[in-house]
>>> print(open('coords.cif').read())   # mmCIF, C-alpha atoms
data_data
#
loop_
_atom_site.label_atom_id
_atom_site.label_comp_id
_atom_site.auth_asym_id
_atom_site.auth_seq_id
_atom_site.Cartn_x
_atom_site.Cartn_y
_atom_site.Cartn_z
CA MET A 1 0.00 0.00 0.00
CA ALA A 2 1.11 3.56 -0.60
CA PHE A 3 0.68 6.18 2.08
CA THR A 4 -1.47 9.23 1.43
CA ASN A 5 -0.05 12.58 2.48
CA GLU A 6 -2.62 12.58 5.27
CA GLN A 7 -1.35 9.22 6.55
CA ILE A 8 2.26 10.36 6.29
CA GLU A 9 1.34 13.34 8.43
CA ARG A 10 -0.71 11.30 10.92
CA TYR A 11 2.03 8.72 11.46
CA SER A 12 5.04 10.98 10.86
CA ARG A 13 6.24 10.68 14.46
CA HIS A 14 6.35 6.90 13.94
CA ILE A 15 7.81 6.92 10.44
CA ILE A 16 10.76 9.12 11.34
CA LEU A 17 11.85 6.60 13.99
CA SER A 18 14.47 4.32 12.50
CA GLU A 19 12.95 1.37 14.44
CA VAL A 20 9.60 1.95 12.70
CA GLY A 21 9.91 3.67 9.32
CA ALA A 22 7.41 3.10 6.55
CA LYS A 23 7.97 -0.66 6.82
CA GLY A 24 7.05 -0.71 10.50
CA GLN A 25 4.00 1.45 9.96
CA LYS A 26 2.85 -1.01 7.28
CA LYS A 27 3.32 -3.87 9.76
CA LEU A 28 1.08 -2.00 12.19
CA PHE A 29 -1.53 -1.50 9.44
CA ASN A 30 -1.49 -5.20 8.63
CA ALA A 31 -1.71 -6.29 12.27
CA ARG A 32 -4.78 -7.57 14.11
CA VAL A 33 -5.01 -7.07 17.86
CA LEU A 34 -7.84 -8.26 20.13
CA VAL A 35 -8.59 -6.35 23.33
CA ILE A 36 -10.63 -8.39 25.81
CA GLY A 37 -12.41 -6.03 28.19
CA ALA A 38 -13.22 -2.41 27.33
CA GLY A 39 -12.51 -1.19 30.85
CA GLY A 40 -9.74 0.35 32.93
CA LEU A 41 -6.97 -1.48 31.04
CA GLY A 42 -8.67 -2.09 27.70
CA ALA A 43 -9.73 1.54 27.27
CA PRO A 44 -6.25 3.12 27.25
CA ALA A 45 -4.78 0.10 25.44
CA ALA A 46 -7.39 0.29 22.67
CA MET A 47 -6.95 4.03 22.30
CA TYR A 48 -3.16 3.86 21.87
CA LEU A 49 -3.47 0.92 19.48
CA THR A 50 -6.01 2.92 17.49
CA ALA A 51 -3.88 6.03 17.45
CA ALA A 52 -0.88 3.93 16.37
CA GLY A 53 -2.73 2.75 13.27
CA ILE A 54 -3.16 -0.95 14.09
CA GLY A 55 -5.19 -1.98 11.04
CA THR A 56 -7.73 -4.24 12.75
CA ILE A 57 -8.68 -4.08 16.41
CA GLY A 58 -11.21 -6.41 17.98
CA ILE A 59 -12.86 -5.42 21.24
CA ALA A 60 -14.82 -7.85 23.40
CA ASP A 61 -17.03 -6.93 26.36
CA ALA A 62 -20.63 -7.72 27.24
CA ASP A 63 -21.18 -4.86 29.68
CA GLU A 64 -22.77 -1.47 29.40
CA VAL A 65 -21.09 1.76 30.42
CA GLU A 66 -21.81 2.79 34.01
CA LEU A 67 -21.15 6.19 35.55
CA SER A 68 -18.69 4.61 38.00
CA ASN A 69 -16.60 3.39 35.03
CA LEU A 70 -15.77 6.87 33.79
CA GLN A 71 -13.20 7.61 36.51
CA ARG A 72 -10.80 5.32 34.62
CA GLN A 73 -12.32 3.98 31.39
CA ILE A 74 -11.36 6.96 29.25
CA ILE A 75 -12.65 5.52 25.98
CA HIS A 76 -16.23 6.17 27.20
CA THR A 77 -17.81 9.53 27.92
CA THR A 78 -20.70 10.72 30.08
CA LYS A 79 -23.17 10.55 27.22
CA ASP A 80 -22.28 6.86 26.73
CA VAL A 81 -23.69 5.74 30.10
CA GLY A 82 -26.10 2.89 29.42
CA LYS A 83 -24.62 2.14 26.02
CA ALA A 84 -22.87 -1.15 25.19
CA LYS A 85 -19.20 -0.69 26.01
CA VAL A 86 -18.05 -2.18 22.71
CA LEU A 87 -20.22 0.27 20.79
CA SER A 88 -19.07 3.25 22.83
CA ALA A 89 -15.45 2.15 22.39
CA LYS A 90 -15.87 1.68 18.63
CA GLU A 91 -17.28 5.20 18.25
CA THR A 92 -14.33 6.74 20.10
CA MET A 93 -11.82 4.66 18.17
CA GLU A 94 -13.31 5.49 14.78
CA ALA A 95 -13.41 9.17 15.66
CA LEU A 96 -9.76 9.01 16.71
CA ASN A 97 -8.54 7.17 13.61
CA PRO A 98 -10.72 6.29 10.62
CA ASP A 99 -7.90 4.12 9.18
CA VAL A 100 -8.63 1.46 11.80
CA ARG A 101 -11.22 -1.29 11.36
CA VAL A 102 -12.93 -2.05 14.68
CA ASN A 103 -14.60 -5.43 15.22
CA THR A 104 -16.94 -5.55 18.20
CA TYR A 105 -17.91 -8.65 20.19
CA ARG A 106 -20.60 -8.00 22.76
CA ILE A 107 -19.81 -11.12 24.72
CA PHE A 108 -18.02 -12.32 27.79
CA VAL A 109 -15.39 -14.76 26.64
CA ASN A 110 -15.90 -18.32 27.83
CA SER A 111 -14.49 -21.76 27.15
CA GLN A 112 -16.85 -22.24 24.19
CA ASN A 113 -16.16 -19.01 22.31
CA ILE A 114 -12.65 -17.87 23.14
CA ARG A 115 -10.53 -20.15 20.97
CA GLU A 116 -12.37 -19.28 17.79
CA LEU A 117 -12.33 -15.60 18.72
CA ILE A 118 -8.58 -15.32 19.29
CA ARG A 119 -7.68 -17.41 16.24
CA ASP A 120 -8.29 -14.38 13.99
CA TYR A 121 -5.81 -12.16 15.82
CA ASP A 122 -2.03 -11.77 16.03
CA PHE A 123 -1.84 -10.48 19.60
CA ILE A 124 -4.29 -10.49 22.51
CA ILE A 125 -4.60 -7.92 25.30
CA ASP A 126 -6.07 -9.20 28.56
CA GLY A 127 -7.90 -6.21 29.97
CA THR A 128 -10.21 -8.23 32.21
CA ASP A 129 -10.71 -7.81 35.92
CA ASN A 130 -11.16 -11.29 37.32
CA PHE A 131 -9.04 -14.38 37.84
CA PRO A 132 -11.24 -16.98 36.11
CA THR A 133 -11.14 -15.01 32.86
CA LYS A 134 -7.42 -14.32 33.17
CA PHE A 135 -6.72 -18.05 33.47
CA LEU A 136 -9.11 -18.74 30.61
CA ILE A 137 -7.34 -16.23 28.35
CA ASN A 138 -3.96 -17.66 29.31
CA ASP A 139 -4.95 -21.25 28.65
CA ALA A 140 -6.66 -20.37 25.38
CA CYS A 141 -3.63 -18.39 24.16
CA VAL A 142 -1.26 -21.24 25.11
CA LEU A 143 -3.45 -23.81 23.32
CA GLU A 144 -3.86 -21.60 20.23
CA LYS A 145 -0.20 -20.51 20.33
CA LYS A 146 -1.09 -16.81 20.53
CA PRO A 147 1.02 -14.15 22.21
CA PHE A 148 -0.78 -12.04 24.77
CA SER A 149 -0.28 -9.38 27.40
CA HIS A 150 -1.57 -10.10 30.88
CA ALA A 151 -2.20 -7.22 33.26
CA GLY A 152 -4.00 -6.48 36.48
CA ILE A 153 -4.61 -3.35 38.54
CA ILE A 154 -5.88 -2.71 42.04
CA ARG A 155 -5.70 0.31 44.38
CA PHE A 156 -2.38 2.04 43.57
CA GLN A 157 -0.76 -1.01 42.03
CA GLY A 158 -0.49 -2.73 38.72
CA GLN A 159 1.36 -5.58 37.07
CA LEU A 160 1.89 -7.00 33.64
CA MET A 161 3.68 -9.75 31.78
CA THR A 162 3.85 -10.89 28.18
CA TYR A 163 3.47 -14.42 26.94
CA VAL A 164 4.92 -15.46 23.62
CA PRO A 165 4.74 -19.18 22.72
CA ASP A 166 7.99 -20.99 23.54
CA LYS A 167 9.52 -17.84 25.02
CA GLY A 168 9.23 -18.09 28.77
CA ALA A 169 6.60 -18.52 31.41
CA CYS A 170 2.84 -18.30 30.90
CA TYR A 171 0.47 -16.79 33.45
CA ARG A 172 -0.36 -20.25 34.85
CA CYS A 173 3.34 -21.08 35.34
CA VAL A 174 3.46 -18.21 37.81
CA PHE A 175 0.04 -18.17 39.43
CA ARG A 176 -0.89 -21.88 39.08
CA GLU A 177 -4.61 -21.86 39.82
CA VAL A 178 -7.63 -19.62 40.13
CA PRO A 179 -7.66 -18.43 43.74
CA PRO A 180 -10.71 -19.20 45.92
CA LYS A 181 -13.58 -16.85 45.21
CA ASP A 182 -13.37 -14.92 48.46
CA ALA A 183 -9.57 -14.80 48.71
CA VAL A 184 -9.26 -11.81 46.42
CA PRO A 185 -11.19 -8.56 46.40
CA THR A 186 -13.14 -7.75 43.29
CA CYS A 187 -13.13 -4.27 41.88
CA LYS A 188 -16.39 -3.57 43.68
CA GLN A 189 -14.66 -4.22 46.99
CA ALA A 190 -11.40 -2.49 46.19
CA GLY A 191 -10.77 0.91 44.74
CA VAL A 192 -8.34 1.76 42.02
CA ILE A 193 -6.82 5.01 40.84
CA GLY A 194 -7.87 5.45 37.23
CA ALA A 195 -4.44 6.56 36.11
CA VAL A 196 -2.98 3.19 37.22
CA GLY A 197 -5.08 1.66 34.45
CA GLY A 198 -3.69 4.31 32.13
CA VAL A 199 -0.10 3.42 33.03
CA ILE A 200 -0.52 -0.34 32.77
CA GLY A 201 -2.94 -0.37 29.80
CA SER A 202 -0.54 1.89 27.88
CA LEU A 203 2.30 -0.54 28.64
CA GLN A 204 0.16 -3.37 27.26
CA ALA A 205 -0.34 -1.40 24.04
CA MET A 206 3.42 -0.81 23.94
CA GLU A 207 4.10 -4.55 24.23
CA ALA A 208 1.69 -5.26 21.35
CA ILE A 209 3.33 -2.58 19.20
CA LYS A 210 6.85 -3.89 19.89
CA TYR A 211 5.74 -7.46 19.18
CA ILE A 212 4.29 -6.39 15.82
CA LEU A 213 7.33 -4.31 14.91
CA GLY A 214 9.70 -7.05 16.09
CA THR A 215 11.78 -4.49 17.92
CA GLY A 216 13.12 -4.25 21.44
CA GLU A 217 12.66 -6.63 24.34
CA LEU A 218 9.29 -7.88 25.52
CA LEU A 219 8.21 -8.71 29.07
CA THR A 220 8.52 -12.40 28.30
CA GLY A 221 9.78 -14.39 31.25
CA SER A 222 9.38 -11.33 33.44
CA LEU A 223 6.68 -9.70 35.51
CA LEU A 224 6.69 -5.93 35.83
CA THR A 225 5.07 -4.54 38.96
CA TYR A 226 4.19 -0.90 39.55
CA ASP A 227 3.50 0.78 42.88
CA ALA A 228 2.18 4.27 42.33
CA LEU A 229 2.56 5.28 45.98
CA THR A 230 6.26 4.53 46.21
CA MET A 231 6.89 5.03 42.48
CA ASN A 232 8.67 1.71 42.29
CA PHE A 233 8.72 -0.27 39.07
CA ARG A 234 10.12 -3.74 39.62
CA LYS A 235 10.93 -6.19 36.87
CA VAL A 236 10.92 -9.65 38.39
CA LYS A 237 12.51 -12.44 36.40
CA LEU A 238 10.19 -15.42 36.35
CA PRO A 239 11.49 -18.94 36.87
CA SER A 240 11.15 -20.98 33.73
CA ASN A 241 8.71 -23.41 35.21
CA THR A 242 7.34 -24.46 31.89
CA CYS A 243 8.21 -28.14 32.13
CA HIS A 244 5.83 -28.55 35.11
CA CYS A 245 3.10 -26.14 34.01
CA ALA A 246 -0.35 -27.68 33.67
CA VAL A 247 -0.99 -25.96 30.35
CA CYS A 248 2.29 -24.97 28.67
CA GLY A 249 4.50 -27.67 30.23
CA SER A 250 5.93 -30.71 28.49
CA HIS A 251 3.22 -32.98 29.95
CA PRO A 252 0.16 -30.71 30.10
CA THR A 253 -2.91 -31.82 32.03
CA ILE A 254 -5.02 -29.01 30.58
CA THR A 255 -5.59 -29.82 26.93
CA GLU A 256 -8.99 -28.25 26.52
CA LEU A 257 -10.78 -25.38 28.18
CA ILE A 258 -13.30 -25.53 30.96
CA ASN A 259 -15.48 -22.73 32.29
CA TYR A 260 -14.25 -21.36 35.56
CA GLU A 261 -16.77 -19.77 37.85
CA GLN A 262 -17.34 -16.17 36.86
CA THR A 263 -17.09 -13.63 39.66
CA GLU A 264 -19.78 -11.00 39.90
CA CYS A 265 -17.85 -7.90 38.96
CA ASN A 266 -16.73 -7.13 35.44
CA GLY A 267 -16.30 -3.43 35.89
CA ILE A 268 -12.56 -3.00 35.34
CA MET B 1 30.43 18.04 -14.66
CA VAL B 2 28.35 15.03 -15.68
CA ASP B 3 24.75 15.19 -14.47
CA LEU B 4 23.95 12.78 -11.64
CA HIS B 5 21.65 9.88 -12.48
CA ILE B 6 18.53 10.40 -10.36
CA ASP B 7 16.77 7.13 -9.45
CA ASP B 8 13.69 8.68 -7.90
CA GLU B 9 12.19 12.03 -6.94
CA VAL B 10 10.01 13.13 -4.07
CA ASP B 11 8.19 16.43 -3.55
CA ILE B 12 7.89 17.43 0.09
CA THR B 13 6.72 21.01 -0.55
CA ASP B 14 3.10 19.93 0.14
CA VAL B 15 3.69 18.85 3.74
CA VAL B 16 5.13 20.39 6.89
CA CYS B 17 7.49 19.16 9.61
CA PRO B 18 7.65 16.36 10.72
CA ALA B 19 5.84 14.93 7.68
CA THR B 20 8.57 16.42 5.46
CA PHE B 21 11.13 14.05 6.90
CA ALA B 22 8.67 11.15 7.09
CA LYS B 23 7.92 11.52 3.36
CA THR B 24 11.65 11.68 2.64
CA MET B 25 12.26 8.51 4.68
CA ILE B 26 9.47 6.66 2.87
CA ALA B 27 11.00 7.58 -0.52
CA LEU B 28 14.44 6.46 0.66
CA GLU B 29 13.10 3.13 1.95
CA GLU B 30 11.95 2.34 -1.60
CA LEU B 31 15.51 2.70 -2.93
CA ASP B 32 18.45 0.33 -2.80
CA GLU B 33 21.74 1.28 -1.24
CA GLY B 34 23.75 3.59 -3.48
CA GLN B 35 20.71 4.85 -5.43
CA ILE B 36 20.06 8.55 -5.68
CA LEU B 37 17.00 10.52 -4.59
CA SER B 38 16.10 14.09 -5.55
CA ILE B 39 14.03 15.85 -2.88
CA LYS B 40 12.10 18.98 -3.80
CA MET B 41 11.68 21.18 -0.73
CA ASN B 42 10.84 24.68 0.35
CA GLY B 43 13.42 27.05 1.80
CA GLY B 44 13.44 27.86 5.49
CA GLU B 45 12.73 25.09 7.98
CA PRO B 46 12.96 22.08 5.60
CA LEU B 47 16.14 23.41 4.06
CA ARG B 48 17.67 23.85 7.50
CA ASN B 49 16.58 20.50 8.90
CA ILE B 50 16.22 17.86 6.17
CA PRO B 51 19.90 17.77 5.12
CA ARG B 52 20.95 17.64 8.77
CA SER B 53 18.52 14.81 9.55
CA LEU B 54 19.60 12.83 6.47
CA LYS B 55 23.25 13.16 7.44
CA SER B 56 22.53 11.94 10.96
CA GLU B 57 20.87 8.85 9.43
CA GLY B 58 24.10 8.25 7.54
CA HIS B 59 23.02 9.24 4.03
CA GLN B 60 25.28 11.23 1.73
CA ILE B 61 24.28 14.69 0.52
CA LEU B 62 25.55 15.15 -3.04
CA LYS B 63 24.19 18.46 -4.22
CA LEU B 64 21.71 21.26 -3.57
CA ASN B 65 20.13 23.12 -6.49
CA GLU B 66 18.09 26.29 -6.07
CA ASN B 67 15.09 26.49 -8.40
CA LYS B 68 13.69 29.73 -9.82
CA ASP B 69 10.42 29.35 -7.87
CA GLY B 70 12.21 29.48 -4.52
CA THR B 71 12.19 25.71 -3.98
CA TYR B 72 15.29 23.55 -3.74
CA ASP B 73 16.30 20.13 -5.06
CA LEU B 74 18.44 18.21 -2.60
CA ILE B 75 20.26 15.28 -4.19
CA VAL B 76 21.00 12.44 -1.75
CA LYS B 77 22.69 9.07 -2.06
CA LYS B 78 21.21 6.30 0.06
CA VAL B 79 23.68 4.72 2.47
CA GLY B 80 22.73 1.48 4.28
CA ASP B 81 19.52 -0.54 3.98
#
>>> encode(input="coords.cif", output="structure tokens")
Amino acid sequence: MAFTNEQIERYSRHIILSEVGAKGQKKLFNARVLVIGAGGLGAPAAMYLTAAGIGTIGIADADEVELSNLQRQIIHTTKDVGKAKVLSAKETMEALNPDVRVNTYRIFVNSQNIRELIRDYDFIIDGTDNFPTKFLINDACVLEKKPFSHAGIIRFQGQLMTYVPDKGACYRCVFREVPPKDAVPTCKQAGVIGAVGGVIGSLQAMEAIKYILGTGELLTGSLLTYDALTMNFRKVKLPSNTCHCAVCGSHPTITELINYEQTECNGI
Amino acid sequence: MVDLHIDDEVDITDVVCPATFAKTMIALEELDEGQILSIKMNGGEPLRNIPRSLKSEGHQILKLNENKDGTYDLIVKKVGD
């Protein structure tokens, strides 16, 4: 494809980077990224991916926009309250960058639909807010051999890691099993500073962009934690536990997906 | 002096910074190492910055011609991939 003058202007700050150039911008145009969850993490991630000119972005979420979402979910606005999140997100994304094709999926992912959904995409962003779905996304991405970015936020803290097939630990290698339902607070029980979602969701978009460009180092085999109160970023090297992992190990016991119990809150 | 063989031309008078350099980089990416690009640019900011930016990327500036309409043709040889 040839760039129009308008596209050259829009993406000029990318194109003039030697790590991107016209070739890299074309890679971004040809890429397909799926954002699961249009909330505190998915909103900033989807907006930066859109602004960057990722050619096709899928966004999956079954919820509607609530007023309490707007403190952090910056892809939605006050007039969107009550609207399907995927529709509200699509409108913002198309207004931001008409070059991008937005596919909406007004669903919660589950063991029946997730594998087919992610098959169409090159990179997956986990922007969900609950452990059962995080494990589901991990297991599905391992089984389908899809790279993805895991992230979580709570209070003043956030964390993320990147999984690329055959390149270091998966989420299950590190966290093993879904914790008991009452062992962890949901977002309705615990607050979160909206900007923490902005920090971590933006880092997820950055990981997707680097993966597509094939430049730099990814957070594979590492977990990055962020504490906003102390302003500490810590990059923790993960043990390569893959040979014993139930899903990505050499003798996996998880070879197909099951539905974990869904917690009540899907707000982040 | 023998005229230089120009492999391709690009007109960046219709865009402003930083698209001027982006358009130049796109034209250069299309060329092979050692090929020669003629860049038509306005005086002022592009004339001050484009040659400097190209040099910092390692390319070789061969010649600068001033046209009668106030624009300039900068002749550059691509160095590296």
>>> residues_around(input="coords.cif", residues="Phe156 of chain A", least_positions_apart="6", cutoff="9 Å", atoms="all atoms listed in the file", output="ChimeraX atom specification")
/A:191-193,195-196,226-229
>>> residues_around(input="coords.cif", residues="segment 77-87 of chain A", least_positions_apart="4", cutoff="10 Å", atoms="all atoms listed in the file", output="list in words")
Gly37, Ala38, Gly39, Ala43, Gly58, Ile59, Ala60, Asp61, Ala62, Asp63, Glu64, Val65, Glu66, Leu67, Ser68, Asn69, Leu70, Gln71, Gln73, Glu91, Thr92, Met93, Val102, Asn103, Thr104, Tyr105, Arg106 and Ile107 of chain A
>>> atom_distance(input="coords.cif", atom1="atom CA of Cys173 of chain A", atom2="atom CA of Cys245 of chain A")
5.2 Å
>>> interface_residues(input="coords.cif", of="chain A", to="chain B", cutoff="6 Å", atoms="all atoms listed in the file", output="mmCIF file with C-alpha atoms, in the coordinates of the input")
data_model
loop_
_atom_site.group_PDB
_atom_site.id
_atom_site.type_symbol
_atom_site.label_atom_id
_atom_site.label_comp_id
_atom_site.auth_asym_id
_atom_site.auth_seq_id
_atom_site.Cartn_x
_atom_site.Cartn_y
_atom_site.Cartn_z
ATOM 1 C CA ILE A 8 2.260 10.360 6.290
ATOM 2 C CA GLU A 9 1.340 13.340 8.430
ATOM 3 C CA SER A 12 5.040 10.980 10.860
ATOM 4 C CA ILE A 15 7.810 6.920 10.440
ATOM 5 C CA ILE A 16 10.760 9.120 11.340
ATOM 6 C CA ALA A 22 7.410 3.100 6.550
#
>>> atom_distance(input="coords.cif", atom1="atom CA of Ala151 of chain A", atom2="atom CA of Glu116 of chain A")
22.1 Å
>>> residues_around(input="coords.cif", residues="Ile137 of chain A", least_positions_apart="5", cutoff="9 Å", atoms="only C-alpha atoms", output="PDB file with C-alpha atoms, in the frame of the given file")
ATOM      1  CA  ILE A  36     -10.630  -8.390  25.810  1.00  0.00           C
ATOM      2  CA  VAL A 109     -15.390 -14.760  26.640  1.00  0.00           C
ATOM      3  CA  ASN A 110     -15.900 -18.320  27.830  1.00  0.00           C
ATOM      4  CA  ILE A 114     -12.650 -17.870  23.140  1.00  0.00           C
ATOM      5  CA  ARG A 115     -10.530 -20.150  20.970  1.00  0.00           C
ATOM      6  CA  ILE A 124      -4.290 -10.490  22.510  1.00  0.00           C
ATOM      7  CA  ASP A 126      -6.070  -9.200  28.560  1.00  0.00           C
ATOM      8  CA  PRO A 132     -11.240 -16.980  36.110  1.00  0.00           C
ATOM      9  CA  VAL A 142      -1.260 -21.240  25.110  1.00  0.00           C
ATOM     10  CA  PHE A 148      -0.780 -12.040  24.770  1.00  0.00           C
ATOM     11  CA  HIS A 150      -1.570 -10.100  30.880  1.00  0.00           C
TER      12      HIS A 150
END
>>> residues_around(input="coords.cif", residues="Asp8 of chain B", least_positions_apart="5", cutoff="7 Å", atoms="only C-alpha atoms", output="number ranges by chain")
B: 36-38
>>> resolve_selection(input="coords.cif", expression="the PyMOL selection byres ((chain B and resi 60) around 10)", output="PyMOL selection string")
chain B and resi 34+36+51+54-59+61-63+75-79
>>> resolve_selection(input="coords.cif", expression="the PyMOL selection byres ((chain A and resi 249) around 12)", output="PyMOL selection string")
chain A and resi 139+142-143+165-166+168-170+172-173+176+240-248+250-255
>>> residues_near_point(input="coords.cif", point="(15.7, 20.1, 1.3)", cutoff="9 Å", atoms="all atoms listed in the file", output="list of chain:residue names")
B:Ile12, B:Ile39, B:Lys40, B:Met41, B:Asn42, B:Gly43, B:Glu45, B:Pro46, B:Leu47, B:Arg48, B:Asn49, B:Ile50, B:Pro51, B:Leu64, B:Thr71, B:Tyr72, B:Asp73, B:Leu74, B:Ile75
>>> residues_near_point(input="coords.cif", point="(8.9, -8.3, 31.9)", cutoff="8 Å", atoms="all atoms listed in the file", output="list in words")
Leu160, Met161, Thr162, Leu218, Leu219, Thr220, Gly221, Ser222, Leu223, Leu224, Lys235, Val236 and Lys237 of chain A
>>> closest_residue(input="coords.cif", among="A:Val33, A:Ala208, A:Ile154, A:Ala2", to="Ile118 of chain A", atoms="only C-alpha atoms")
A:Val33
>>> atom_distance(input="coords.cif", atom1="atom CA of Leu28 of chain A", atom2="atom CA of Glu6 of chain A")
16.6 Å
>>> build_atoms(input="coords.cif", residues="segment 52-69 of chain B", atoms="N, CA, C and O atoms", output="short mmCIF file (atom, residue, chain, number, x, y, z; two decimals), in the frame of the given file")
data_model
loop_
_atom_site.label_atom_id
_atom_site.label_comp_id
_atom_site.auth_asym_id
_atom_site.auth_seq_id
_atom_site.Cartn_x
_atom_site.Cartn_y
_atom_site.Cartn_z
N ARG B 52 20.38 18.00 7.48
CA ARG B 52 20.95 17.64 8.77
C ARG B 52 20.44 16.28 9.24
O ARG B 52 21.20 15.42 9.69
N SER B 53 19.11 16.09 9.11
CA SER B 53 18.52 14.81 9.55
C SER B 53 19.02 13.66 8.69
O SER B 53 19.29 12.57 9.19
N LEU B 54 19.13 13.89 7.37
CA LEU B 54 19.60 12.83 6.47
C LEU B 54 21.03 12.44 6.80
O LEU B 54 21.37 11.26 6.82
N LYS B 55 21.85 13.44 7.08
CA LYS B 55 23.25 13.16 7.44
C LYS B 55 23.31 12.34 8.71
O LYS B 55 24.09 11.39 8.82
N SER B 56 22.47 12.68 9.69
CA SER B 56 22.53 11.94 10.96
C SER B 56 22.06 10.50 10.78
O SER B 56 22.39 9.63 11.58
N GLU B 57 21.28 10.23 9.73
CA GLU B 57 20.87 8.85 9.43
C GLU B 57 21.94 8.15 8.60
O GLU B 57 21.78 6.97 8.24
N GLY B 58 22.98 8.87 8.24
CA GLY B 58 24.10 8.25 7.54
C GLY B 58 24.10 8.41 6.02
O GLY B 58 24.99 7.91 5.34
N HIS B 59 23.08 9.09 5.49
CA HIS B 59 23.02 9.24 4.03
C HIS B 59 23.97 10.34 3.56
O HIS B 59 24.40 11.19 4.34
N GLN B 60 24.26 10.32 2.25
CA GLN B 60 25.28 11.23 1.73
C GLN B 60 24.62 12.32 0.87
O GLN B 60 23.93 12.03 -0.10
N ILE B 61 24.82 13.56 1.29
CA ILE B 61 24.28 14.69 0.52
C ILE B 61 25.23 14.97 -0.64
O ILE B 61 26.43 15.19 -0.44
N LEU B 62 24.68 14.96 -1.87
CA LEU B 62 25.55 15.15 -3.04
C LEU B 62 25.51 16.58 -3.56
O LEU B 62 26.52 17.12 -4.00
N LYS B 63 24.34 17.19 -3.52
CA LYS B 63 24.19 18.46 -4.22
C LYS B 63 22.92 19.17 -3.77
O LYS B 63 21.94 18.51 -3.37
N LEU B 64 22.92 20.48 -3.83
CA LEU B 64 21.71 21.26 -3.57
C LEU B 64 21.54 22.27 -4.70
O LEU B 64 22.43 23.09 -4.95
N ASN B 65 20.41 22.18 -5.40
CA ASN B 65 20.13 23.12 -6.49
C ASN B 65 19.01 24.06 -6.08
O ASN B 65 17.98 23.61 -5.58
N GLU B 66 19.19 25.35 -6.33
CA GLU B 66 18.09 26.29 -6.07
C GLU B 66 17.29 26.47 -7.36
O GLU B 66 17.84 26.71 -8.43
N ASN B 67 15.97 26.30 -7.23
CA ASN B 67 15.09 26.49 -8.40
C ASN B 67 14.63 27.93 -8.46
O ASN B 67 14.68 28.66 -7.47
N LYS B 68 14.10 28.33 -9.65
CA LYS B 68 13.69 29.73 -9.82
C LYS B 68 12.46 30.09 -8.98
O LYS B 68 12.24 31.24 -8.65
N ASP B 69 11.64 29.05 -8.64
CA ASP B 69 10.42 29.35 -7.87
C ASP B 69 10.67 29.40 -6.36
O ASP B 69 9.71 29.41 -5.57
#
